[in-house]
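Chemist: I'm passing along target23.txt; it holds compact mmCIF, C-alpha atoms.
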```
# COMPACT_ATOMS: atom_id res chain seq x y z
CA MET G 1 -73.86 -53.18 31.22
CA GLU G 2 -73.93 -52.98 27.44
CA ALA G 3 -71.50 -55.14 25.49
CA ILE G 4 -69.28 -53.71 22.77
CA ILE G 5 -68.19 -56.15 20.08
CA THR G 6 -65.59 -55.05 17.54
CA ILE G 7 -65.15 -56.93 14.30
CA VAL G 8 -61.74 -56.73 12.65
CA GLY G 9 -60.12 -58.48 9.72
CA PHE G 10 -58.16 -57.73 6.61
CA LEU G 11 -59.82 -56.28 3.50
CA GLY G 12 -62.31 -58.72 1.98
CA SER G 13 -62.18 -61.22 4.82
CA GLY G 14 -65.94 -61.19 5.49
CA LYS G 15 -66.41 -58.64 8.28
CA THR G 16 -69.63 -57.17 6.85
CA THR G 17 -71.05 -60.65 6.24
CA LEU G 18 -70.36 -61.54 9.88
CA LEU G 19 -71.87 -58.23 11.03
CA ASN G 20 -75.05 -58.98 9.05
CA TYR G 21 -75.21 -62.42 10.63
CA LEU G 22 -74.72 -61.05 14.16
CA ILE G 23 -77.37 -58.36 13.68
CA ASP G 24 -79.87 -61.01 12.55
CA ARG G 25 -79.08 -63.34 15.47
CA PHE G 26 -79.15 -60.58 18.11
CA THR G 27 -82.40 -59.16 16.71
CA GLU G 28 -84.01 -62.62 16.76
CA LYS G 29 -83.14 -62.82 20.48
CA ASN G 30 -84.68 -59.36 21.14
CA TRP G 31 -81.36 -57.53 21.46
CA ASN G 32 -81.28 -53.93 20.26
CA PRO G 33 -78.08 -53.40 18.24
CA PHE G 34 -76.32 -50.10 17.64
CA VAL G 35 -73.94 -50.38 14.67
CA ILE G 36 -70.84 -48.31 13.91
CA LEU G 37 -69.15 -48.86 10.54
CA ASN G 38 -65.69 -47.59 9.66
CA ASP G 39 -64.36 -47.41 6.13
CA TYR G 40 -62.09 -45.00 4.32
CA GLU G 41 -64.53 -44.54 1.44
CA ASN G 42 -67.71 -46.62 1.70
CA ALA G 43 -69.05 -46.47 5.26
CA ASN G 44 -72.11 -44.45 4.26
CA MET G 45 -72.80 -46.87 1.42
CA ASP G 46 -72.38 -49.85 3.77
CA VAL G 47 -74.92 -48.30 6.18
CA GLN G 48 -77.64 -48.63 3.53
CA GLN G 49 -77.64 -52.44 3.73
CA PHE G 50 -78.40 -52.32 7.46
CA LEU G 51 -81.30 -49.85 7.42
CA GLU G 52 -83.90 -52.62 6.97
CA LYS G 53 -82.50 -54.38 10.07
CA VAL G 54 -81.56 -51.51 12.37
CA ASP G 55 -83.28 -48.17 12.94
CA ASN G 56 -81.47 -45.36 11.08
CA LYS G 57 -80.73 -43.58 14.36
CA HIS G 58 -78.90 -46.71 15.57
CA VAL G 59 -76.39 -46.85 12.69
CA LYS G 60 -73.38 -44.54 12.39
CA ALA G 61 -70.82 -44.32 9.61
CA LEU G 62 -67.24 -43.19 10.19
CA THR G 63 -65.79 -42.42 6.77
CA GLY G 64 -62.37 -41.11 5.84
CA SER G 65 -60.46 -41.99 8.98
CA CYS G 66 -59.20 -45.02 10.79
CA ILE G 67 -60.93 -45.66 14.12
CA CYS G 68 -57.72 -46.93 15.66
CA CYS G 69 -55.78 -43.77 14.78
CA SER G 70 -57.16 -40.39 13.73
CA GLY G 71 -60.78 -41.45 14.24
CA ILE G 72 -60.50 -42.76 17.80
CA HIS G 73 -61.85 -39.59 19.41
CA GLU G 74 -64.80 -39.55 17.01
CA LEU G 75 -65.41 -43.23 17.78
CA ARG G 76 -65.35 -42.59 21.54
CA ASN G 77 -67.79 -39.71 21.09
CA TYR G 78 -70.13 -41.95 19.08
CA VAL G 79 -69.93 -44.76 21.64
CA ASN G 80 -70.42 -42.44 24.61
CA GLY G 81 -73.40 -40.86 22.83
CA ILE G 82 -75.19 -44.14 22.15
CA PRO G 83 -78.64 -43.96 23.71
CA VAL G 84 -79.50 -46.35 26.51
CA ARG G 85 -81.71 -49.10 25.07
CA LYS G 86 -83.34 -52.15 26.56
CA ASN G 87 -81.15 -55.14 25.64
CA GLY G 88 -78.62 -52.86 23.98
CA ILE G 89 -75.52 -54.19 22.27
CA THR G 90 -72.97 -52.22 20.25
CA LEU G 91 -71.34 -53.69 17.15
CA ILE G 92 -68.36 -51.94 15.58
CA GLU G 93 -66.93 -52.97 12.21
CA ALA G 94 -63.39 -51.64 11.79
CA ASN G 95 -61.89 -50.96 8.39
CA GLY G 96 -59.70 -53.67 6.88
CA THR G 97 -56.42 -52.01 7.77
CA SER G 98 -57.15 -51.23 11.42
CA ASP G 99 -54.52 -51.79 14.08
CA ALA G 100 -56.69 -54.05 16.22
CA CYS G 101 -54.43 -53.91 19.29
CA ALA G 102 -54.53 -50.10 19.32
CA LEU G 103 -58.30 -50.16 18.82
CA MET G 104 -58.86 -52.40 21.84
CA GLU G 105 -56.50 -50.27 23.92
CA PHE G 106 -58.33 -47.05 23.01
CA LEU G 107 -61.77 -48.56 23.59
CA GLY G 108 -60.66 -49.67 27.03
CA VAL G 109 -60.08 -46.05 28.09
CA GLY G 110 -62.49 -43.13 28.07
CA VAL G 111 -65.63 -45.07 27.24
CA ASN G 112 -68.72 -44.55 29.38
CA ASN G 113 -68.80 -46.93 32.36
CA ARG G 114 -72.19 -48.30 31.33
CA PHE G 115 -70.32 -50.38 28.74
CA SER G 116 -68.55 -53.67 29.40
CA PRO G 117 -64.92 -53.99 28.30
CA PRO G 118 -64.90 -54.55 24.53
CA ILE G 119 -64.80 -57.99 22.95
CA GLN G 120 -63.01 -58.43 19.64
CA ILE G 121 -63.81 -60.90 16.88
CA SER G 122 -61.25 -61.36 14.09
CA VAL G 123 -62.34 -62.59 10.69
CA VAL G 124 -59.58 -64.54 8.93
CA ASP G 125 -59.59 -65.31 5.22
CA VAL G 126 -57.98 -68.78 5.28
CA LYS G 127 -57.24 -68.77 1.56
CA ASN G 128 -55.19 -65.55 1.78
CA TRP G 129 -53.90 -65.59 5.39
CA GLN G 130 -50.31 -64.32 5.50
CA LYS G 131 -50.12 -64.05 1.71
CA ARG G 132 -50.29 -60.25 1.76
CA GLY G 133 -46.59 -59.47 1.56
CA ALA G 134 -45.87 -56.16 3.28
CA HIS G 135 -49.23 -56.36 5.09
CA ASN G 136 -48.66 -59.73 6.79
CA ASP G 137 -47.68 -58.09 10.09
CA LEU G 138 -50.84 -55.97 10.11
CA GLU G 139 -52.97 -59.04 9.38
CA ALA G 140 -51.29 -60.97 12.22
CA ASN G 141 -51.77 -57.98 14.55
CA GLN G 142 -55.51 -58.16 13.94
CA ILE G 143 -55.86 -61.49 15.72
CA GLN G 144 -53.50 -60.97 18.67
CA VAL G 145 -56.04 -59.54 21.14
CA SER G 146 -59.17 -61.24 19.82
CA SER G 147 -61.46 -63.32 21.95
CA LEU G 148 -62.82 -65.18 18.96
CA ILE G 149 -61.45 -65.93 15.49
CA VAL G 150 -63.85 -66.74 12.66
CA LEU G 151 -62.43 -68.57 9.63
CA THR G 152 -63.79 -67.63 6.19
CA HIS G 153 -63.09 -68.39 2.53
CA LEU G 154 -62.70 -72.10 3.21
CA GLU G 155 -64.04 -73.21 -0.17
CA ASN G 156 -61.36 -74.72 -2.39
CA VAL G 157 -58.86 -74.72 0.51
CA THR G 158 -57.11 -77.98 1.30
CA ALA G 159 -57.28 -79.53 4.74
CA THR G 160 -53.50 -79.05 4.95
CA ARG G 161 -53.82 -75.30 4.29
CA LYS G 162 -56.59 -74.95 6.88
CA ALA G 163 -54.53 -76.86 9.48
CA LEU G 164 -51.48 -74.70 8.74
CA VAL G 165 -53.51 -71.48 9.17
CA VAL G 166 -55.12 -72.72 12.40
CA GLN G 167 -51.70 -73.64 13.80
CA ASN G 168 -50.31 -70.23 12.85
CA LEU G 169 -53.29 -68.47 14.44
CA LYS G 170 -52.73 -70.43 17.65
CA GLU G 171 -49.10 -69.28 17.69
CA HIS G 172 -50.22 -65.63 17.42
CA ASN G 173 -53.13 -65.97 19.88
CA PRO G 174 -53.32 -69.25 21.83
CA PHE G 175 -56.31 -68.06 23.89
CA ALA G 176 -58.80 -67.20 21.12
```
Re-express the file's structure as structure tokens.

Modeler:
Amino acid sequence: MEAIITIVGFLGSGKTTLLNYLIDRFTEKNWNPFVILNDYENANMDVQQFLEKVDNKHVKALTGSCICCSGIHELRNYVNGIPVRKNGITLIEANGTSDACALMEFLGVGVNNRFSPPIQISVVDVKNWQKRGAHNDLEANQIQVSSLIVLTHLENVTATRKALVVQNLKEHNPFA
């Protein structure tokens, strides 16, 4: 079965940087990634940075919609249309305002049975975690169903701040 890994995180948290890293590591180990990028405005521009790493026919851009809401049917169609590849793995980068719980719920239904249940990685900007005012709930939602949480923007952050963020993340998702 082919794994699906979704990468979520608030705007500017480092999702694309993590995606680049994962593509490099999987490629080094002879995996064959298929990449789906979602952004309201720049998905096609983001695709350009991956074309040296991934064949053009293995990169799709979803622009102008949110893959957890209006774009979920388009996302399912893309996923179900992914060609079978030796050592295939699918990497999906959600836009920074995605409802990660809804995304995981939708990907768990209606996706071709050749895929494993999706795995979600949340990227958390430690410096700005829960400092987004009206968007704090959305940011917290993004880590609730994640299997793995990656901490970023640790430079110039005190050990106390990091410990506080880690504790708060454990309260939202004690199993990640």

Chemist: Of the candidates G:Ala140, G:Val126, G:Ile4, G:Leu22, which one gets nearest to G:Asn156 if we count all atoms listed in the file?

Modeler: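 Going through G:Ala140, G:Val126, G:Ile4, G:Leu22 one by one, the smallest distance to G:Asn156 is for G:Val126.
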
Chemist: What gap, in Å, lies between atom CA of G:His73 and atom CA of G:Gly88?

Modeler: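 Those two atoms sit 21.9 Å apart.
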
Chemist: If we count all atoms listed in the file, what is near G:Ala3 at a cut-off of 9 Å, once residues fewer than 4 positions away on the same chain are taken out, given as a ChimeraX atom specification?

Modeler: /G:88-91,115-119

Chemist: Between atom CA of G:Asn141 and atom CA of G:Val157, measure the distance and give it in Å to one decimal.

Modeler: 23.0 Å

Chemist: Ranking G:Asn32, G:Gln142, G:Asn136, G:Asn173 by minimum distance to G:Ala102 and counting only C-alpha atoms, which one comes first?

Modeler: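 Of the candidates, the smallest distance to G:Ala102 is held by G:Gln142.
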
Chemist: Would you please work out which residue, of G:Asp137, G:Glu171, G:His153, G:Asn20, is nearest to G:Val123 when using all atoms listed in the file?

Modeler: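 When distances to G:Val123 are compared using all atoms listed in the file, the smallest one comes from G:His153.
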
Chemist: Please, which residues are within 12 Å of (-58.3, -75.0, 9.4) by the file's coordinates, counting all atoms listed in the file, and could they come as a list in words?

Modeler: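 Collected hits near the coordinates: Val124, Asp125, Val126, Lys127, Trp129, Ile149, Val150, Leu151, Thr152, His153, Leu154, Glu155, Val157, Thr158, Ala159, Thr160, Arg161, Lys162, Ala163, Leu164, Val165, Val166, Gln167, Asn168, Leu169 and Lys170 of chain G.
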
Chemist: Would you write out those residues with C-alpha atoms, as a short mmCIF file (atom, residue, chain, number, x, y, z; two decimals), in the frame of the given file?

Modeler:
```
data_model
loop_
_atom_site.label_atom_id
_atom_site.label_comp_id
_atom_site.auth_asym_id
_atom_site.auth_seq_id
_atom_site.Cartn_x
_atom_site.Cartn_y
_atom_site.Cartn_z
CA VAL G 124 -59.58 -64.54 8.93
CA ASP G 125 -59.59 -65.31 5.22
CA VAL G 126 -57.98 -68.78 5.28
CA LYS G 127 -57.24 -68.77 1.56
CA TRP G 129 -53.90 -65.59 5.39
CA ILE G 149 -61.45 -65.93 15.49
CA VAL G 150 -63.85 -66.74 12.66
CA LEU G 151 -62.43 -68.57 9.63
CA THR G 152 -63.79 -67.63 6.19
CA HIS G 153 -63.09 -68.39 2.53
CA LEU G 154 -62.70 -72.10 3.21
CA GLU G 155 -64.04 -73.21 -0.17
CA VAL G 157 -58.86 -74.72 0.51
CA THR G 158 -57.11 -77.98 1.30
CA ALA G 159 -57.28 -79.53 4.74
CA THR G 160 -53.50 -79.05 4.95
CA ARG G 161 -53.82 -75.30 4.29
CA LYS G 162 -56.59 -74.95 6.88
CA ALA G 163 -54.53 -76.86 9.48
CA LEU G 164 -51.48 -74.70 8.74
CA VAL G 165 -53.51 -71.48 9.17
CA VAL G 166 -55.12 -72.72 12.40
CA GLN G 167 -51.70 -73.64 13.80
CA ASN G 168 -50.31 -70.23 12.85
CA LEU G 169 -53.29 -68.47 14.44
CA LYS G 170 -52.73 -70.43 17.65
#
```

Chemist: So which one's closest to G:Leu148, G:Arg25, G:Thr6, G:Ser98, G:Asn38? Using all atoms listed in the file, please.

Modeler: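 Of the candidates, the smallest distance to G:Leu148 is held by G:Thr6.
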
Chemist: In Å, with one decimal, what is the gap from atom CA of G:Glu2 to atom CA of G:Ile36?

Modeler: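 Value for the atom CA of G:Glu2-atom CA of G:Ile36 distance: 14.6 Å.
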
Chemist: Using all atoms listed in the file, pick whichever of G:Lys53, G:His172, G:Lys60, G:Ile7 has the shortest atom-to-atom distance to G:Ile92.

Modeler: G:Ile7

Chemist: The residues within 12 Å of (-66.0, -40.8, 22.4), using only C-alpha atoms and the coordinates of the file, should be reported as a ChimeraX atom specification; which are they?

Modeler: /G:67,71-82,106-112

Chemist: From the options G:Val84, G:Asp99, G:Leu19, G:Arg114, which residue's atoms come nearest to G:His135, counting all atoms listed in the file?

Modeler: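 Residue with the minimum atom-to-atom distance to G:His135: G:Asp99.
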